[in-house]
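File shown here: my_file-v1.pdb, holding PDB, C-alpha atoms, pLDDT in the B column.
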```pdb
ATOM      1  CA  VAL A   1     -46.294  41.039  49.899  1.00 77.00           C
ATOM      2  CA  TYR A   2     -45.885  41.365  46.127  1.00 78.00           C
ATOM      3  CA  GLY A   3     -49.490  40.367  45.575  1.00 78.00           C
ATOM      4  CA  MET A   4     -50.796  43.130  47.838  1.00 81.00           C
ATOM      5  CA  ASN A   5     -49.947  45.692  45.134  1.00 82.00           C
ATOM      6  CA  ARG A   6     -49.211  48.517  47.534  1.00 86.00           C
ATOM      7  CA  LYS A   7     -45.566  49.130  46.759  1.00 91.00           C
ATOM      8  CA  ALA A   8     -43.387  48.961  43.662  1.00 93.00           C
ATOM      9  CA  PHE A   9     -41.065  45.956  43.673  1.00 93.00           C
ATOM     10  CA  THR A  10     -38.395  44.104  41.731  1.00 93.00           C
ATOM     11  CA  LEU A  11     -37.813  40.371  41.407  1.00 94.00           C
ATOM     12  CA  GLN A  12     -34.687  38.225  41.228  1.00 93.00           C
ATOM     13  CA  MET A  13     -34.944  35.509  38.541  1.00 95.00           C
ATOM     14  CA  ARG A  14     -34.942  31.915  39.778  1.00 91.00           C
ATOM     15  CA  GLY A  15     -34.276  28.554  38.168  1.00 90.00           C
ATOM     16  CA  ILE A  16     -32.062  29.884  35.364  1.00 92.00           C
ATOM     17  CA  GLY A  17     -29.041  27.660  36.007  1.00 86.00           C
ATOM     18  CA  ILE A  18     -26.981  29.963  38.197  1.00 85.00           C
ATOM     19  CA  GLU A  19     -27.467  27.721  41.205  1.00 79.00           C
ATOM     20  CA  GLU A  20     -25.851  24.693  39.600  1.00 75.00           C
ATOM     21  CA  GLY A  21     -23.344  26.640  37.534  1.00 70.00           C
ATOM     22  CA  LEU A  22     -19.680  26.990  38.295  1.00 87.00           C
ATOM     23  CA  MET A  23     -19.159  30.193  40.285  1.00 91.00           C
ATOM     24  CA  GLY A  24     -22.618  31.243  39.113  1.00 90.00           C
ATOM     25  CA  LEU A  25     -22.009  30.713  35.395  1.00 94.00           C
ATOM     26  CA  PRO A  26     -24.516  28.244  33.920  1.00 94.00           C
ATOM     27  CA  ASP A  27     -23.576  25.597  31.396  1.00 96.00           C
ATOM     28  CA  VAL A  28     -25.150  27.210  28.338  1.00 96.00           C
ATOM     29  CA  TYR A  29     -23.758  24.395  26.171  1.00 97.00           C
ATOM     30  CA  ALA A  30     -25.798  21.712  27.936  1.00 95.00           C
ATOM     31  CA  PRO A  31     -28.503  20.096  25.835  1.00 95.00           C
ATOM     32  CA  GLY A  32     -31.845  21.635  26.616  1.00 94.00           C
ATOM     33  CA  PHE A  33     -30.420  24.780  28.208  1.00 96.00           C
ATOM     34  CA  PRO A  34     -32.668  27.183  26.230  1.00 96.00           C
ATOM     35  CA  GLY A  35     -35.699  25.034  27.090  1.00 97.00           C
ATOM     36  CA  LYS A  36     -34.809  25.109  30.765  1.00 95.00           C
ATOM     37  CA  ILE A  37     -34.569  28.910  30.674  1.00 97.00           C
ATOM     38  CA  ASP A  38     -37.842  29.099  28.770  1.00 97.00           C
ATOM     39  CA  ALA A  39     -39.657  26.941  31.336  1.00 97.00           C
ATOM     40  CA  ALA A  40     -38.195  28.901  34.259  1.00 96.00           C
ATOM     41  CA  SER A  41     -39.190  32.229  32.714  1.00 96.00           C
ATOM     42  CA  LYS A  42     -42.677  31.009  31.905  1.00 97.00           C
ATOM     43  CA  SER A  43     -43.378  29.854  35.452  1.00 95.00           C
ATOM     44  CA  PHE A  44     -41.618  32.802  37.113  1.00 95.00           C
ATOM     45  CA  CYS A  45     -42.486  35.781  34.871  1.00 96.00           C
ATOM     46  CA  GLU A  46     -45.859  34.996  33.355  1.00 94.00           C
ATOM     47  CA  PRO A  47     -47.801  35.469  36.628  1.00 93.00           C
ATOM     48  CA  PHE A  48     -46.418  39.025  36.912  1.00 94.00           C
ATOM     49  CA  ARG A  49     -46.913  39.937  33.255  1.00 95.00           C
ATOM     50  CA  ASN A  50     -49.624  42.497  33.891  1.00 94.00           C
ATOM     51  CA  ASN A  51     -48.698  43.625  37.392  1.00 94.00           C
ATOM     52  CA  PRO A  52     -48.243  47.417  37.241  1.00 93.00           C
ATOM     53  CA  TRP A  53     -46.310  47.424  40.536  1.00 94.00           C
ATOM     54  CA  LEU A  54     -43.425  45.333  39.200  1.00 95.00           C
ATOM     55  CA  LEU A  55     -40.490  47.384  37.890  1.00 96.00           C
ATOM     56  CA  GLY A  56     -38.618  44.437  36.415  1.00 96.00           C
ATOM     57  CA  TYR A  57     -36.355  41.453  36.879  1.00 97.00           C
ATOM     58  CA  PHE A  58     -32.775  41.158  38.064  1.00 95.00           C
ATOM     59  CA  THR A  59     -30.948  38.267  36.419  1.00 94.00           C
ATOM     60  CA  ALA A  60     -28.386  37.815  39.200  1.00 92.00           C
ATOM     61  CA  ASN A  61     -26.377  39.508  41.918  1.00 91.00           C
ATOM     62  CA  GLU A  62     -22.591  39.919  41.938  1.00 90.00           C
ATOM     63  CA  PRO A  63     -21.512  36.830  39.993  1.00 90.00           C
ATOM     64  CA  SER A  64     -18.585  35.233  41.784  1.00 90.00           C
ATOM     65  CA  TRP A  65     -16.747  34.508  38.512  1.00 92.00           C
ATOM     66  CA  HIS A  66     -16.364  38.231  37.797  1.00 89.00           C
ATOM     67  CA  ASP A  67     -12.626  39.085  37.820  1.00 90.00           C
ATOM     68  CA  GLN A  68     -11.934  35.346  38.220  1.00 93.00           C
ATOM     69  CA  GLU A  69     -12.397  34.248  34.599  1.00 95.00           C
ATOM     70  CA  VAL A  70      -9.042  32.496  34.211  1.00 96.00           C
ATOM     71  CA  ARG A  71      -9.535  30.665  37.503  1.00 96.00           C
ATOM     72  CA  LEU A  72     -13.045  29.658  36.453  1.00 97.00           C
ATOM     73  CA  CYS A  73     -11.711  28.168  33.225  1.00 98.00           C
ATOM     74  CA  GLN A  74      -9.250  26.090  35.222  1.00 97.00           C
ATOM     75  CA  MET A  75     -12.046  24.916  37.500  1.00 96.00           C
ATOM     76  CA  ILE A  76     -14.048  23.873  34.445  1.00 97.00           C
ATOM     77  CA  LEU A  77     -11.064  22.011  32.977  1.00 98.00           C
ATOM     78  CA  ASP A  78     -10.292  20.307  36.289  1.00 97.00           C
ATOM     79  CA  GLY A  79     -13.928  19.453  36.962  1.00 95.00           C
ATOM     80  CA  ALA A  80     -16.326  16.786  35.844  1.00 94.00           C
ATOM     81  CA  ASP A  81     -17.004  16.134  32.188  1.00 96.00           C
ATOM     82  CA  ARG A  82     -19.856  18.335  31.059  1.00 96.00           C
ATOM     83  CA  PRO A  83     -20.719  20.254  27.877  1.00 97.00           C
ATOM     84  CA  ILE A  84     -19.075  23.502  29.031  1.00 97.00           C
ATOM     85  CA  LYS A  85     -15.810  21.615  29.568  1.00 98.00           C
ATOM     86  CA  THR A  86     -15.990  20.163  26.046  1.00 98.00           C
ATOM     87  CA  ALA A  87     -16.707  23.631  24.603  1.00 98.00           C
ATOM     88  CA  LEU A  88     -13.814  25.186  26.536  1.00 98.00           C
ATOM     89  CA  LYS A  89     -11.348  22.500  25.417  1.00 98.00           C
ATOM     90  CA  GLU A  90     -12.393  23.083  21.816  1.00 98.00           C
ATOM     91  CA  TRP A  91     -12.036  26.866  22.257  1.00 98.00           C
ATOM     92  CA  LEU A  92      -8.548  26.532  23.711  1.00 98.00           C
ATOM     93  CA  LYS A  93      -7.283  24.503  20.738  1.00 97.00           C
ATOM     94  CA  ALA A  94      -6.709  27.851  19.011  1.00 97.00           C
ATOM     95  CA  GLY A  95      -4.439  28.898  21.891  1.00 96.00           C
ATOM     96  CA  ASP A  96      -4.497  28.564  25.641  1.00 97.00           C
ATOM     97  CA  ILE A  97      -3.622  31.991  26.975  1.00 97.00           C
ATOM     98  CA  PRO A  98      -5.330  34.023  29.714  1.00 96.00           C
ATOM     99  CA  ASP A  99      -7.030  36.399  27.256  1.00 96.00           C
ATOM    100  CA  ARG A 100      -8.616  33.510  25.351  1.00 97.00           C
ATOM    101  CA  ARG A 101      -9.817  31.954  28.589  1.00 97.00           C
ATOM    102  CA  LYS A 102     -11.346  35.287  29.575  1.00 97.00           C
ATOM    103  CA  GLN A 103     -13.030  35.632  26.192  1.00 97.00           C
ATOM    104  CA  PHE A 104     -14.546  32.158  26.510  1.00 98.00           C
ATOM    105  CA  ILE A 105     -16.206  33.185  29.777  1.00 98.00           C
ATOM    106  CA  TYR A 106     -17.418  36.450  28.235  1.00 97.00           C
ATOM    107  CA  ASP A 107     -18.897  34.612  25.248  1.00 98.00           C
ATOM    108  CA  THR A 108     -20.572  32.100  27.555  1.00 97.00           C
ATOM    109  CA  PHE A 109     -21.908  34.950  29.688  1.00 97.00           C
ATOM    110  CA  SER A 110     -23.286  36.662  26.577  1.00 98.00           C
ATOM    111  CA  ILE A 111     -25.090  33.506  25.452  1.00 98.00           C
ATOM    112  CA  PHE A 112     -26.575  33.177  28.935  1.00 97.00           C
ATOM    113  CA  LEU A 113     -27.780  36.772  29.111  1.00 97.00           C
ATOM    114  CA  HIS A 114     -29.271  36.779  25.621  1.00 98.00           C
ATOM    115  CA  THR A 115     -31.088  33.504  26.287  1.00 97.00           C
ATOM    116  CA  VAL A 116     -32.543  34.766  29.566  1.00 97.00           C
ATOM    117  CA  ASP A 117     -33.538  38.129  28.080  1.00 97.00           C
ATOM    118  CA  GLN A 118     -35.321  36.572  25.087  1.00 97.00           C
ATOM    119  CA  SER A 119     -37.214  34.268  27.384  1.00 97.00           C
ATOM    120  CA  ILE A 120     -38.230  37.019  29.813  1.00 97.00           C
ATOM    121  CA  GLN A 121     -39.470  39.138  26.899  1.00 96.00           C
ATOM    122  CA  LYS A 122     -41.455  36.202  25.577  1.00 97.00           C
ATOM    123  CA  TYR A 123     -43.402  35.760  28.824  1.00 97.00           C
ATOM    124  CA  ASP A 124     -43.369  39.304  30.156  1.00 97.00           C
ATOM    125  CA  PRO A 125     -42.666  42.063  27.631  1.00 96.00           C
ATOM    126  CA  ASN A 126     -44.171  44.641  29.998  1.00 96.00           C
ATOM    127  CA  HIS A 127     -41.309  44.938  32.484  1.00 97.00           C
ATOM    128  CA  LEU A 128     -37.646  45.899  32.502  1.00 97.00           C
ATOM    129  CA  ASN A 129     -34.608  43.655  32.402  1.00 97.00           C
ATOM    130  CA  LEU A 130     -32.763  45.197  35.356  1.00 96.00           C
ATOM    131  CA  GLY A 131     -29.622  43.209  34.665  1.00 93.00           C
ATOM    132  CA  ILE A 132     -27.107  41.975  37.176  1.00 94.00           C
ATOM    133  CA  ARG A 133     -26.221  43.924  40.277  1.00 92.00           C
ATOM    134  CA  PHE A 134     -22.441  44.067  39.882  1.00 91.00           C
ATOM    135  CA  GLY A 135     -20.216  44.879  42.836  1.00 86.00           C
ATOM    136  CA  ASN A 136     -16.937  46.180  41.432  1.00 81.00           C
ATOM    137  CA  VAL A 137     -17.847  48.283  38.429  1.00 88.00           C
ATOM    138  CA  SER A 138     -14.858  50.654  38.438  1.00 86.00           C
ATOM    139  CA  GLY A 139     -12.433  48.073  37.077  1.00 85.00           C
ATOM    140  CA  MET A 140     -14.968  46.115  35.059  1.00 91.00           C
ATOM    141  CA  ASP A 141     -13.751  44.980  31.667  1.00 93.00           C
ATOM    142  CA  ARG A 142     -15.199  46.960  28.745  1.00 94.00           C
ATOM    143  CA  GLU A 143     -16.312  43.713  27.118  1.00 95.00           C
ATOM    144  CA  ILE A 144     -18.642  42.867  30.005  1.00 95.00           C
ATOM    145  CA  LEU A 145     -20.067  46.382  29.977  1.00 96.00           C
ATOM    146  CA  LYS A 146     -20.697  46.096  26.213  1.00 97.00           C
ATOM    147  CA  ILE A 147     -22.488  42.776  26.673  1.00 97.00           C
ATOM    148  CA  CYS A 148     -24.660  44.316  29.398  1.00 96.00           C
ATOM    149  CA  GLY A 149     -25.466  47.235  27.088  1.00 97.00           C
ATOM    150  CA  GLU A 150     -26.688  44.816  24.404  1.00 97.00           C
ATOM    151  CA  VAL A 151     -29.071  42.960  26.694  1.00 97.00           C
ATOM    152  CA  PHE A 152     -30.229  44.960  29.705  1.00 98.00           C
ATOM    153  CA  ASP A 153     -32.717  47.822  29.845  1.00 97.00           C
ATOM    154  CA  VAL A 154     -30.906  49.250  32.863  1.00 96.00           C
ATOM    155  CA  PHE A 155     -27.345  48.863  34.126  1.00 96.00           C
ATOM    156  CA  SER A 156     -27.500  48.032  37.820  1.00 95.00           C
ATOM    157  CA  PHE A 157     -24.768  47.977  40.400  1.00 93.00           C
ATOM    158  CA  ASN A 158     -24.331  47.736  44.135  1.00 90.00           C
ATOM    159  CA  CYS A 159     -22.733  50.668  45.912  1.00 89.00           C
ATOM    160  CA  TYR A 160     -20.740  50.058  49.071  1.00 85.00           C
ATOM    161  CA  ASP A 161     -19.385  53.593  49.351  1.00 83.00           C
ATOM    162  CA  LEU A 162     -20.881  56.713  50.875  1.00 82.00           C
ATOM    163  CA  TYR A 163     -21.902  57.673  47.347  1.00 85.00           C
ATOM    164  CA  PRO A 164     -21.346  56.216  43.869  1.00 89.00           C
ATOM    165  CA  LYS A 165     -18.240  57.509  42.138  1.00 90.00           C
ATOM    166  CA  LYS A 166     -18.979  59.836  39.223  1.00 93.00           C
ATOM    167  CA  GLU A 167     -16.086  58.487  37.126  1.00 93.00           C
ATOM    168  CA  MET A 168     -17.400  54.940  37.461  1.00 92.00           C
ATOM    169  CA  MET A 169     -20.929  55.951  36.483  1.00 93.00           C
ATOM    170  CA  ASP A 170     -19.717  58.072  33.550  1.00 94.00           C
ATOM    171  CA  ARG A 171     -17.608  55.188  32.237  1.00 93.00           C
ATOM    172  CA  ALA A 172     -20.409  52.649  32.641  1.00 94.00           C
ATOM    173  CA  MET A 173     -22.918  54.926  30.919  1.00 94.00           C
ATOM    174  CA  GLU A 174     -20.512  55.723  28.080  1.00 95.00           C
ATOM    175  CA  ILE A 175     -19.906  52.039  27.342  1.00 96.00           C
ATOM    176  CA  THR A 176     -23.376  50.577  27.999  1.00 96.00           C
ATOM    177  CA  GLY A 177     -25.476  53.532  26.881  1.00 96.00           C
ATOM    178  CA  LEU A 178     -27.953  52.591  29.600  1.00 97.00           C
ATOM    179  CA  PRO A 179     -29.584  54.420  32.476  1.00 96.00           C
ATOM    180  CA  MET A 180     -28.443  53.116  35.863  1.00 95.00           C
ATOM    181  CA  ILE A 181     -29.988  51.909  39.078  1.00 92.00           C
ATOM    182  CA  ILE A 182     -28.314  51.149  42.377  1.00 90.00           C
ATOM    183  CA  GLY A 183     -29.451  47.693  43.449  1.00 83.00           C
ATOM    184  CA  GLU A 184     -27.977  47.756  46.946  1.00 83.00           C
ATOM    185  CA  PHE A 185     -26.783  50.964  48.577  1.00 85.00           C
ATOM    186  CA  HIS A 186     -25.024  50.693  51.910  1.00 76.00           C
ATOM    187  CA  PHE A 187     -21.585  51.481  53.131  1.00 64.00           C
ATOM    188  CA  GLY A 188     -21.111  49.312  56.202  1.00 61.00           C
ATOM    189  CA  THR A 189     -19.167  50.731  59.093  1.00 54.00           C
ATOM    190  CA  VAL A 190     -17.394  53.957  58.329  1.00 53.00           C
TER     191      VAL A 190
END
```
Structure encoded using structure tokens:
Amino acid sequence: VYGMNRKAFTLQMRGIGIEEGLMGLPDVYAPGFPGKIDAASKSFCEPFRNNPWLLGYFTANEPSWHDQEVRLCQMILDGADRPIKTALKEWLKAGDIPDRRKQFIYDTFSIFLHTVDQSIQKYDPNHLNLGIRFGNVSGMDREILKICGEVFDVFSFNCYDLYPKKEMMDRAMEITGLPMIIGEFHFGTV
């Protein structure tokens, strides 16, 4: 359908480590992580580089770790030995409190997003980084919104209400400085 070039479309990135990550957060500390992202972006983005019908790429959809950062850290600590576990243990030597655990996840998320964005731009500078379609934006931590503002071309969110709330959009725009797009817009059964 994409190749027919009859309708504008967006794409969801694939092969960028979300699938094997914990709650959708890839292990950015693993050896070869940037190379893996580079290879995935090359094979996924390069074929669409000059397609005028493509609007851009979504990195992910509603990461399950969002609002569960402290729990995710515990899962990492309780899980198998891997580079992200080593990095987290080192981070927590300066103090193991919920805010530090949260900040570790935010820093890891930032590394992930910057790595993906640089790689997409390398293989397809012609299209937008549409970001991550977040679900609960109203209570989203300012730090996540700032990170999104540094990396994305557009701040995207899913709306499960009859209409998006003005206060939420004003806050998101104030912090990110980005235009917005609704990735999914449906309200279920009223």
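Taking only C-alpha atoms into account, Asp27 (chain A) lies nearest to A:Ile105 out of the set A:Met180, A:Leu11, A:Ile105, A:Ile147.
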request  = May I have the protein, DNA and RNA residues with any atom at most 10 Å from the point (-14.9, 53.5, 38.8), counting only C-alpha atoms, written as number ranges by chain?
outcome  = A: 136-140, 164-172
Residues near Tyr57 (chain A), cut-off 6 Å, only C-alpha atoms, skip fewer than 6 positions along chain, as a PDB file with C-alpha atoms, in the coordinates of the input:
```
ATOM      1  CA  THR A  10     -38.395  44.104  41.731  1.00 93.00           C
ATOM      2  CA  LEU A  11     -37.813  40.371  41.407  1.00 94.00           C
ATOM      3  CA  GLN A  12     -34.687  38.225  41.228  1.00 93.00           C
ATOM      4  CA  ASN A 129     -34.608  43.655  32.402  1.00 97.00           C
ATOM      5  CA  LEU A 130     -32.763  45.197  35.356  1.00 96.00           C
TER       6      LEU A 130
END
```
ask   = Leaving out region 71-85 of chain A and any residue of its chain fewer than 6 positions from it, which residues lie within 12 Å of it when counting all atoms listed in the file, given as a count of residues only?
value = 32
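Applied to this file, the PyMOL selection byres ((chain A and resi 133) around 6) selects Asn61, Glu62, Ile132, Phe134, Ser156, Phe157, Asn158 and Gly183 of chain A.
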query = If you count all atoms listed in the file, which residues fall within 10 Å of Tyr2 (chain A), apart from same-chain ones fewer than 5 positions away, as a list in words?
reply = Lys7, Ala8, Phe9, Thr10, Leu11, Phe48, Asn51, Trp53 and Leu54 of chain A
query = Around (-46.9, 47.1, 34.2) in the file's own coordinates, what residues are found within 10 Å if you use all atoms listed in the file, given back as a list in words?
reply = Phe48, Arg49, Asn50, Asn51, Pro52, Trp53, Leu54, Leu55, Gly56, Asp124, Pro125, Asn126, His127 and Leu128 of chain A
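Residues matched by the PyMOL selection byres ((chain A and resi 186) around 9) in this structure: A:Asn158, A:Cys159, A:Tyr160, A:Asp161, A:Leu162, A:Tyr163, A:Glu184, A:Phe185, A:Phe187, A:Gly188.
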request  = Quote the spacing between CA of Glu20 (chain A) and CA of Gly3 (chain A) in Å to one decimal place.
outcome  = 29.0 Å
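Comparing the minimum interatomic distances between Lys36 (chain A) and each of A:Ala87, A:Val151, A:Val116, A:Ala60, counting all atoms listed in the file, we find that A:Val116 sits nearest.
Put simply, CA of Thr115 (chain A) is 19.2 Å away from CA of Leu88 (chain A).
We find CA of Ala40 (chain A) and CA of Ile16 (chain A) to be spaced 6.3 Å apart.
Nearest to Asp117 (chain A) of all the residues A:Gly131, A:Gly149, A:Gly95, A:Gly177 is A:Gly131, counting all atoms listed in the file.
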task = Could you state which residues are captured by the PyMOL selection byres ((chain A and resi 14) around 10) in this file, as a list of chain:residue names?
result = A:Leu11, A:Gln12, A:Met13, A:Gly15, A:Ile16, A:Gly17, A:Ile18, A:Glu19, A:Ile37, A:Ala40, A:Ser41, A:Ser43, A:Phe44, A:Cys45, A:Phe58, A:Thr59, A:Ala60
